[in-house]
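To be precise, the following lines are protein-v4.cif, and they hold mmCIF, C-alpha atoms and all ligand atoms.
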data_my_file
loop_
_atom_site.label_atom_id
_atom_site.label_comp_id
_atom_site.auth_asym_id
_atom_site.auth_seq_id
_atom_site.Cartn_x
_atom_site.Cartn_y
_atom_site.Cartn_z
CA MET A 6 17.53 125.43 116.40
CA VAL A 7 18.96 128.89 115.90
CA ALA A 8 21.73 129.46 113.33
CA THR A 9 25.41 129.42 114.38
CA PHE A 10 28.09 132.07 114.06
CA ASP A 11 30.88 132.22 111.46
CA ILE A 12 34.50 132.32 112.59
CA GLN A 13 36.20 135.72 112.44
CA ASN A 14 39.55 137.15 113.54
CA LEU A 15 39.88 138.64 117.00
CA PRO A 16 41.56 142.05 116.90
CA PRO A 17 45.22 141.92 118.02
CA TRP A 18 45.50 142.28 121.80
CA ARG A 19 48.07 142.30 124.60
CA ARG A 20 45.97 142.50 127.73
CA ALA A 21 42.46 141.12 128.09
CA VAL A 22 39.80 140.88 130.75
CA LEU A 23 37.95 137.55 130.58
CA LYS A 24 34.53 137.53 132.26
CA ILE A 25 33.05 134.16 133.15
CA GLY A 26 29.34 133.81 133.90
CA SER A 27 27.96 131.71 136.78
CA SER A 28 26.38 129.13 134.46
CA LEU A 29 29.86 128.15 133.21
CA LEU A 30 31.08 127.20 136.67
CA THR A 31 28.04 125.28 137.82
CA GLY A 32 27.16 121.66 136.97
CA VAL A 33 23.61 120.31 136.53
CA ASP A 34 23.52 119.37 140.23
CA GLY A 35 24.23 123.00 141.11
CA GLU A 36 27.71 122.11 142.40
CA LEU A 37 30.76 124.04 141.33
CA SER A 38 32.17 122.33 138.24
CA ASP A 39 35.44 122.62 136.31
CA ARG A 40 33.94 121.22 133.10
CA HIS A 41 34.00 124.48 131.16
CA ALA A 42 36.53 126.28 133.36
CA ARG A 43 39.28 123.87 132.24
CA GLY A 44 39.20 125.08 128.63
CA LEU A 45 39.06 128.72 129.74
CA ALA A 46 42.04 128.18 132.06
CA ALA A 47 43.96 126.59 129.16
CA PHE A 48 43.26 129.73 127.14
CA VAL A 49 44.62 131.87 130.00
CA ALA A 50 47.77 129.72 130.18
CA ALA A 51 48.30 129.88 126.38
CA SER A 52 47.82 133.65 126.38
CA ARG A 53 50.35 134.11 129.16
CA ALA A 54 52.81 131.81 127.39
CA SER A 55 52.61 134.14 124.39
CA GLY A 56 53.46 137.14 126.60
CA ARG A 57 49.94 138.46 127.12
CA ASP A 58 48.11 139.31 130.34
CA VAL A 59 44.67 138.08 131.33
CA VAL A 60 42.59 139.32 134.24
CA LEU A 61 39.63 137.13 135.17
CA VAL A 62 36.33 138.60 136.31
CA SER A 63 34.58 135.54 137.63
CA SER A 64 31.02 135.14 138.79
CA GLY A 65 29.87 132.01 140.56
CA ALA A 66 30.33 132.86 144.25
CA VAL A 67 26.58 132.86 144.98
CA ALA A 68 26.05 129.69 142.94
CA ALA A 69 28.98 127.97 144.68
CA GLY A 70 27.67 128.99 148.10
CA ARG A 71 24.16 127.73 147.42
CA THR A 72 25.00 124.04 147.67
CA ARG A 73 26.77 124.55 150.98
CA VAL A 74 23.59 125.30 152.95
CA PRO A 75 20.51 123.11 153.51
CA GLN A 76 17.92 123.28 150.72
CA ASP A 77 15.13 124.68 152.88
CA ALA A 78 17.42 127.50 154.09
CA ARG A 79 18.26 128.70 150.56
CA ARG A 80 14.68 129.11 149.36
CA ALA A 81 13.66 132.21 151.25
CA GLY A 82 15.74 135.34 151.58
CA GLY A 83 16.67 138.21 149.35
CA LEU A 84 19.81 140.27 149.17
CA VAL A 85 21.12 139.24 152.57
CA LEU A 86 20.91 135.55 151.63
CA ARG A 87 22.83 136.25 148.40
CA GLN A 88 25.45 138.12 150.41
CA ALA A 89 25.88 135.20 152.78
CA LEU A 90 26.00 132.71 149.89
CA ALA A 91 28.61 134.86 148.12
CA ALA A 92 30.78 134.76 151.27
CA LEU A 93 30.38 130.99 151.43
CA GLY A 94 31.10 130.39 147.78
CA GLN A 95 33.77 132.98 146.97
CA THR A 96 36.72 131.00 148.34
CA ARG A 97 35.56 127.86 146.53
CA MET A 98 35.25 129.74 143.25
CA VAL A 99 38.75 131.23 143.59
CA GLY A 100 39.99 127.79 144.69
CA LEU A 101 38.62 126.31 141.48
CA TRP A 102 40.64 128.76 139.36
CA GLN A 103 43.75 128.12 141.44
CA SER A 104 43.37 124.37 140.90
CA LEU A 105 43.32 124.90 137.12
CA LEU A 106 46.17 127.40 136.80
CA ASP A 107 49.87 126.75 137.43
CA VAL A 108 50.53 130.35 138.44
CA PRO A 109 49.34 132.10 141.63
CA VAL A 110 45.83 133.51 141.43
CA ALA A 111 44.95 136.59 143.47
CA GLN A 112 41.48 137.34 144.81
CA VAL A 113 40.33 140.94 144.21
CA LEU A 114 36.93 141.98 145.54
CA LEU A 115 35.67 145.36 144.36
CA SER A 116 32.65 147.40 145.33
CA HIS A 117 30.97 150.37 143.71
CA ASP A 118 32.65 152.69 146.21
CA ASP A 119 36.11 151.44 145.24
CA LEU A 120 35.47 152.42 141.65
CA ARG A 121 33.62 155.69 142.20
CA ASN A 122 36.07 157.18 144.65
CA ARG A 123 39.14 158.39 142.68
CA ARG A 124 41.60 157.55 145.38
CA ARG A 125 40.32 154.02 145.83
CA TYR A 126 40.03 153.61 142.06
CA LEU A 127 43.70 154.43 141.78
CA ASN A 128 44.56 152.02 144.58
CA ALA A 129 42.64 149.23 142.86
CA ARG A 130 44.39 150.07 139.59
CA ASN A 131 47.84 150.09 141.15
CA THR A 132 47.25 146.76 142.90
CA LEU A 133 45.93 145.07 139.77
CA LEU A 134 48.84 146.37 137.68
CA GLU A 135 51.27 145.18 140.34
CA LEU A 136 49.68 141.72 140.34
CA LEU A 137 50.17 141.56 136.57
CA ARG A 138 53.77 142.68 136.93
CA LEU A 139 54.22 139.83 139.42
CA ARG A 140 52.81 137.51 136.71
CA CYS A 141 49.81 136.47 138.83
CA VAL A 142 46.28 136.01 137.54
CA PRO A 143 43.87 138.36 139.34
CA VAL A 144 40.40 136.90 139.85
CA VAL A 145 38.01 139.81 140.36
CA ASN A 146 34.43 139.66 141.65
CA GLU A 147 32.04 142.16 143.16
CA ASN A 148 32.34 142.37 146.93
CA ASP A 149 28.76 141.12 147.28
CA THR A 150 29.01 140.63 151.03
CA VAL A 151 29.28 144.34 151.78
CA ALA A 152 27.46 145.83 148.77
CA VAL A 153 24.05 147.21 149.68
CA GLU A 154 21.35 147.20 147.00
CA GLU A 155 21.58 150.83 145.93
CA LEU A 156 25.36 150.70 145.75
CA LYS A 157 25.69 147.41 143.95
CA LEU A 158 27.35 147.28 140.58
CA GLY A 159 24.87 144.46 140.22
CA ASP A 160 26.30 142.42 137.42
CA ASN A 161 29.75 141.28 136.52
CA ASP A 162 29.44 142.20 132.84
CA ASN A 163 29.51 145.90 133.75
CA LEU A 164 32.17 145.26 136.42
CA ALA A 165 34.34 143.53 133.78
CA ALA A 166 34.10 146.57 131.48
CA ILE A 167 35.17 148.88 134.32
CA VAL A 168 38.05 146.55 135.21
CA ALA A 169 39.10 146.42 131.54
CA ALA A 170 39.47 150.21 131.51
CA LEU A 171 41.10 150.14 134.95
CA VAL A 172 43.93 147.81 133.85
CA ASP A 173 44.32 149.31 130.35
CA ALA A 174 43.15 146.13 128.66
CA ASP A 175 42.71 146.22 124.91
CA LEU A 176 40.10 143.45 124.76
CA LEU A 177 37.10 142.41 126.86
CA LEU A 178 36.12 138.76 126.47
CA ILE A 179 32.72 137.73 127.83
CA ALA A 180 32.16 133.99 128.15
CA SER A 181 28.55 132.98 128.60
CA ASP A 182 26.24 130.05 127.81
CA VAL A 183 25.10 131.47 124.47
CA ASP A 184 27.07 131.68 121.19
CA GLY A 185 26.83 135.46 120.94
CA LEU A 186 24.28 138.18 120.28
CA TYR A 187 21.19 137.14 118.33
CA SER A 188 18.66 139.45 116.72
CA ALA A 189 16.17 138.21 119.36
CA HIS A 190 16.25 136.06 122.50
CA PRO A 191 17.38 132.72 120.99
CA ARG A 192 15.48 130.58 123.49
CA LEU A 193 12.21 132.31 122.69
CA ASP A 194 12.58 132.92 118.94
CA PRO A 195 13.91 130.10 116.71
CA ALA A 196 14.22 132.57 113.80
CA ALA A 197 16.75 134.69 115.75
CA ARG A 198 19.75 135.58 113.53
CA PRO A 199 23.37 135.58 114.76
CA ILE A 200 24.93 139.06 114.78
CA GLY A 201 28.66 138.53 114.20
CA ARG A 202 29.77 142.15 114.31
CA VAL A 203 28.43 145.27 115.94
CA ALA A 204 30.01 148.58 114.94
CA ALA A 205 28.16 150.52 117.66
CA VAL A 206 25.61 149.57 120.31
CA THR A 207 22.68 151.64 119.03
CA PRO A 208 19.16 151.58 120.55
CA GLU A 209 18.21 149.13 117.75
CA VAL A 210 20.99 146.74 118.84
CA LEU A 211 20.00 147.12 122.52
CA ALA A 212 16.41 146.27 121.62
CA MET A 213 17.59 142.81 120.46
CA ALA A 214 18.80 141.89 123.94
CA GLY A 215 16.67 140.04 126.44
CA GLY A 216 17.15 139.00 130.05
CA ALA A 217 19.09 136.18 131.66
CA GLY A 218 19.00 132.69 130.19
CA SER A 219 18.90 130.80 133.46
CA ALA A 220 18.19 131.25 137.15
CA LEU A 221 21.96 131.51 137.67
CA GLY A 222 22.58 134.39 135.27
CA THR A 223 22.21 138.10 136.05
CA GLY A 224 21.23 140.60 133.42
CA GLY A 225 21.28 138.44 130.28
CA MET A 226 22.40 139.96 126.98
CA ARG A 227 21.38 143.48 128.03
CA THR A 228 24.15 143.84 130.61
CA LYS A 229 26.66 142.37 128.13
CA LEU A 230 25.76 145.08 125.63
CA GLU A 231 25.95 147.73 128.36
CA ALA A 232 29.41 146.43 129.20
CA ALA A 233 30.44 146.50 125.53
CA THR A 234 29.24 150.12 125.31
CA LYS A 235 31.33 151.12 128.33
CA ALA A 236 34.34 149.28 126.96
CA ALA A 237 33.98 150.85 123.50
CA LYS A 238 33.97 154.33 125.06
CA ALA A 239 37.33 153.45 126.61
CA GLY A 240 38.64 152.18 123.26
CA ILE A 241 38.27 148.49 124.14
CA ALA A 242 36.62 145.96 121.79
CA THR A 243 34.35 143.28 123.31
CA ALA A 244 34.02 139.66 122.17
CA LEU A 245 31.01 137.59 123.26
CA PHE A 246 31.32 133.82 122.93
CA ASN A 247 30.03 130.55 124.30
CA GLY A 248 32.19 129.21 127.14
CA THR A 249 30.42 125.85 126.95
CA ASP A 250 31.64 125.36 123.35
CA ALA A 251 35.06 123.77 123.82
CA ALA A 252 36.04 124.31 120.16
CA ALA A 253 35.10 128.00 120.28
CA VAL A 254 37.14 128.45 123.47
CA ALA A 255 40.15 126.56 122.01
CA SER A 256 40.16 128.68 118.85
CA LEU A 257 40.44 131.91 120.86
CA ALA A 258 44.09 131.13 121.56
CA ASP A 259 44.64 131.15 117.76
CA GLY A 260 43.03 134.58 117.52
CA GLN A 261 39.75 133.22 116.16
CA LEU A 262 36.33 134.17 117.46
CA ARG A 263 33.08 132.26 116.99
CA GLY A 264 30.72 134.80 118.46
CA THR A 265 29.99 138.52 118.37
CA LEU A 266 32.60 141.26 118.15
CA VAL A 267 31.56 144.70 119.34
CA GLU A 268 34.04 147.13 117.84
CA ALA A 269 35.63 150.14 119.57
CA PRO A 270 35.80 153.36 117.54
CA ALA A 271 39.21 154.50 118.80
CA SER A 272 42.23 152.68 120.22
CA ARG A 273 42.51 152.21 123.99
CA LEU A 274 45.45 154.58 124.17
CA ALA A 275 43.79 157.25 122.07
CA ALA A 276 40.62 157.05 124.21
CA ARG A 277 42.57 157.30 127.46
CA LYS A 278 44.72 160.17 126.24
CA TYR A 279 41.60 161.95 125.03
CA TRP A 280 40.00 161.51 128.45
CA LEU A 281 43.10 162.77 130.29
CA ARG A 282 43.25 165.77 127.99
CA HIS A 283 39.61 166.79 128.16
CA ALA A 284 38.18 165.55 131.49
CA PRO A 285 37.46 168.27 134.06
CA GLY A 286 40.56 168.86 136.16
CA SER A 287 40.84 169.48 139.90
CA GLY A 288 42.24 172.97 139.35
CA GLY A 289 45.50 171.82 140.92
CA CYS A 290 48.85 172.52 139.29
CA LEU A 291 52.35 171.08 139.60
CA ARG A 292 55.09 173.51 138.57
CA VAL A 293 58.14 171.69 137.19
CA ASP A 294 61.66 172.65 136.06
CA ALA A 295 62.93 172.42 132.49
CA GLY A 296 64.45 168.95 132.94
CA ALA A 297 61.22 167.46 134.26
CA ALA A 298 59.20 169.19 131.52
CA ARG A 299 61.48 167.67 128.85
CA ALA A 300 61.24 164.21 130.45
CA VAL A 301 57.46 164.37 130.58
CA LEU A 302 57.28 165.55 126.96
CA ASP A 303 59.52 162.61 126.03
CA GLY A 304 57.03 160.20 127.61
CA ALA A 305 58.57 159.65 131.06
CA SER A 306 56.77 159.62 134.42
CA LEU A 307 56.93 162.74 136.61
CA LEU A 308 59.21 162.24 139.62
CA PRO A 309 59.26 164.47 142.73
CA GLY A 310 62.77 165.79 142.02
CA GLY A 311 61.64 167.99 139.12
CA ILE A 312 58.74 169.61 140.95
CA VAL A 313 59.38 173.16 142.09
CA GLY A 314 55.94 174.10 143.41
CA VAL A 315 52.31 173.11 143.87
CA ASP A 316 49.25 175.31 143.34
CA GLY A 317 45.77 174.58 144.65
CA GLU A 318 44.36 171.71 146.66
CA PHE A 319 43.68 168.24 145.29
CA ALA A 320 43.38 164.66 146.50
CA ARG A 321 45.32 161.59 145.50
CA GLY A 322 44.01 160.41 142.13
CA ASP A 323 42.84 163.85 140.97
CA LEU A 324 43.60 165.20 137.53
CA VAL A 325 46.20 167.99 137.70
CA GLU A 326 48.05 170.17 135.20
CA VAL A 327 51.82 170.13 134.83
CA LEU A 328 53.22 173.59 134.29
CA ALA A 329 56.76 174.18 132.97
CA VAL A 330 58.22 177.31 134.52
CA GLY A 331 61.14 179.04 132.86
CA GLU A 332 62.44 182.43 131.84
CA ALA A 333 59.88 182.62 129.05
CA GLY A 334 57.06 182.24 131.57
CA ALA A 335 54.87 179.25 132.36
CA ARG A 336 53.15 176.86 129.97
CA VAL A 337 51.06 173.75 130.48
CA VAL A 338 53.01 170.74 129.19
CA ALA A 339 50.88 167.87 130.46
CA ARG A 340 47.89 166.70 132.48
CA GLY A 341 47.71 163.58 134.56
CA LEU A 342 46.41 161.71 137.58
CA CYS A 343 48.43 162.59 140.64
CA GLN A 344 49.49 159.72 142.90
CA TYR A 345 49.79 162.02 145.93
CA ALA A 346 47.58 164.71 147.47
CA ALA A 347 48.60 168.40 147.16
CA GLY A 348 50.02 168.65 150.69
CA GLU A 349 52.07 165.51 150.15
CA VAL A 350 53.49 166.73 146.82
CA ARG A 351 54.48 170.02 148.52
CA ARG A 352 56.57 168.03 150.98
CA LEU A 353 58.09 165.87 148.22
CA ALA A 354 58.92 168.69 145.78
CA GLY A 355 62.60 168.72 144.79
CA ARG A 356 63.38 165.57 146.75
CA HIS A 357 64.69 162.22 145.55
CA THR A 358 62.28 159.31 145.08
CA ARG A 359 64.17 157.24 147.63
CA GLU A 360 63.28 159.82 150.30
CA ILE A 361 59.51 159.53 149.80
CA GLU A 362 58.92 157.00 152.52
CA ALA A 363 61.11 158.83 155.04
CA ILE A 364 59.37 162.15 154.34
CA LEU A 365 55.74 160.95 154.33
CA GLY A 366 55.99 157.82 156.43
CA PHE A 367 54.46 155.84 153.54
CA SER A 368 54.83 155.58 149.79
CA TYR A 369 52.42 155.06 146.89
CA GLY A 370 55.39 154.47 144.60
CA ASP A 371 58.24 156.43 143.03
CA THR A 372 56.25 158.55 140.64
CA VAL A 373 54.08 161.59 141.28
CA ILE A 374 52.35 161.01 137.92
CA ARG A 375 52.83 157.68 136.15
CA ARG A 376 53.54 157.88 132.43
CA ASP A 377 50.39 155.82 131.67
CA ASP A 378 48.30 158.33 133.62
CA LEU A 379 49.68 161.33 131.78
CA VAL A 380 49.08 163.09 128.48
CA ALA A 381 51.87 165.38 127.29
CA PHE A 382 50.67 168.23 125.12
CA GLU A 383 53.31 168.09 122.40
CA GLU A 384 52.63 164.38 122.07
CA ALA A 385 48.86 164.94 122.00
CA ASN A 386 49.25 167.61 119.31
CA ALA A 387 51.46 165.42 117.14
N1 LIG A 401 19.43 138.69 121.88
C1 LIG A 401 20.03 137.74 122.62
N2 LIG A 401 21.06 137.04 122.12
C2 LIG A 401 21.69 136.10 122.86
N3 LIG A 401 21.32 135.75 124.12
C3 LIG A 401 20.30 136.42 124.70
C4 LIG A 401 19.61 137.45 123.98
N4 LIG A 401 18.65 137.94 124.79
C5 LIG A 401 18.74 137.27 125.96
N5 LIG A 401 19.72 136.33 125.92
C6 LIG A 401 20.04 135.44 127.04
O1 LIG A 401 21.20 135.90 127.72
C7 LIG A 401 21.75 134.76 128.37
C8 LIG A 401 23.16 135.05 128.86
O2 LIG A 401 23.13 135.94 129.97
P1 LIG A 401 23.14 135.42 131.48
O3 LIG A 401 22.09 134.38 131.66
O4 LIG A 401 23.10 136.61 132.35
O5 LIG A 401 24.53 134.65 131.54
P2 LIG A 401 25.89 134.84 132.37
O6 LIG A 401 25.69 134.09 133.63
O7 LIG A 401 26.89 134.21 131.45
O8 LIG A 401 26.13 136.30 132.55
C9 LIG A 401 21.66 133.68 127.33
O9 LIG A 401 21.63 132.39 127.89
C10 LIG A 401 20.38 134.03 126.60
O10 LIG A 401 19.32 133.17 126.96
N1 LIG A 402 28.91 138.45 141.97
C1 LIG A 402 27.98 137.37 141.65
C2 LIG A 402 27.70 137.26 140.16
C3 LIG A 402 26.88 138.36 139.54
C4 LIG A 402 26.71 138.16 138.04
O1 LIG A 402 26.82 139.10 137.25
O2 LIG A 402 26.49 136.89 137.59
P1 LIG A 402 26.55 136.41 136.04
O3 LIG A 402 25.41 137.03 135.25
O4 LIG A 402 26.44 134.93 136.11
O5 LIG A 402 27.87 136.83 135.49
C5 LIG A 402 28.56 136.01 142.10
O6 LIG A 402 29.79 135.86 142.19
O7 LIG A 402 27.77 135.11 142.31
#
In structure tokens, write the structure found in this file.
Amino acid sequence: MVATFDIQNLPPWRRAVLKIGSSLLTGVDGELSDRHARGLAAFVAASRASGRDVVLVSSGAVAAGRTRVPQDARRAGGLVLRQALAALGQTRMVGLWQSLLDVPVAQVLLSHDDLRNRRRYLNARNTLLELLRLRCVPVVNENDTVAVEELKLGDNDNLAAIVAALVDADLLLIASDVDGLYSAHPRLDPAARPIGRVAAVTPEVLAMAGGAGSALGTGGMRTKLEAATKAAKAGIATALFNGTDAAAVASLADGQLRGTLVEAPASRLAARKYWLRHAPGSGGCLRVDAGAARAVLDGASLLPGGIVGVDGEFARGDLVEVLAVGEAGARVVARGLCQYAAGEVRRLAGRHTREIEAILGFSYGDTVIRRDDLVAFEEANA
């Protein structure tokens, strides 16, 4: 028997991504089971009742699809069988979450392309944020049915870390069938020690991680540590815990973790602002009047009315500079992700937000740059 973990405080959080591994949704007979999902759903409900948001990243589609086809048919077959099983099981998995939650759940299927392409990344982000504003619980999974091998994200641990950054979460919770990170694979080494806290995922820490614990799991502890590394870079802490341990799951709602906490060096906001400030830009520029420059420096979103000109070419979702133009010349006051392409902003410049739809024939929302997607330079220098 390996040693257990001590209880520690979770860092304070307001928005979390909770990733649930396949083994937690599958009973011994291989059928979809709510046994462990019930406690996790209760945690989601308690978190929402205290004003916090939770996005689920749930595995289990392939496992749920498996029992729906004859046994001899599921033995052979590689990727294409998994894709078919995912299609069969996905609705059941989402149905399970809906049966356990009183609020509407929303299915979100993402592929590698959606996250690599800036424009689609922004669309996914906007939709997820809108779902949270509507007080729904998004249930995200990889779009296995269309993902080809070389373009697969592959495991939901890494997907959950990307989603955490996408929705500006401040905590990534990974529920699995093991109490947390051990110094060695706990099923193979009874002397494995529990590691309660990880300040940084160094090569030494990565070397502790082994592969999946069951035929259902993908990636094992290695992909969880990869996910924690990604999250930490975005300023998000990661907590690993055992979703089969009802007491450990119940204590999460009281801010207590029995498991491993992987710390993040900087806050989520600081990491995002740093990225917006230093990431390579598109070369595009929005020239704004004094009123818009002041608003942006005061932390507001950039609206079309204050834009007086557009330089360069860029696509929706690209990083652009905001240039204040006045008698004293021009100066860069902010950088941010532009909701509209250069040609579209040219048509919207100086116009009221309510005219957007009439001018373009569509609308991605009222703002040209959302305040959360923007770093203002006075603010960043403060
Ligand atoms: N150093 C380690 N500490 C803890 N678990 C480990 C370690 N190395 C490998 N594992 C295995 O990782 C498994 C969890 O990953 P995985 O099977 O992919 O689950 P999930 O379906 O929850 O993603 C555990 O059951 C455990 O057997
Ligand atoms: N997208 C797949 C799960 C992939 C995956 O990472 O599984 P797991 O290691 O159980 O979290 C599915 O829904 O079956």
May I ask you to write as a count of residues only all residues lying at most 8 Å from ligand LIG 401 (chain A), with only C-alpha atoms and all ligand atoms counted? 42
Using all atoms listed in the file for the distances, tell me which of A:Ser52, A:Gly159, A:Asp39, A:Val110 is nearest to ligand LIG 402 (chain A). A:Gly159
Give the answer as one residue: which of A:Gly355, A:Gly65, A:Gly314, A:Gly248 has the shortest atom-to-atom distance to ligand LIG 402 (chain A), using all atoms listed in the file?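 Smallest distance to ligand LIG 402 (chain A) is found for A:Gly65.
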Taking all atoms of range 370-380 of chain A that the file lists, what box with edges along x, y and z, padded by 6 Å per side, do you get, with centre and edge lengths in Å to one decimal, as JSON?
{"center_x": 53.3, "center_y": 158.8, "center_z": 136.5, "size_x": 21.9, "size_y": 20.6, "size_z": 28.1}
Taking (44.8, 131.0, 130.4) in the file's own coordinates, collect the residues within 12 Å, counting all atoms listed in the file, and hand them back as a VMD selection string. chain A and resid 20 to 23 42 to 61 102 to 103 105 to 108 110 141 to 144 254 to 255 257 to 258
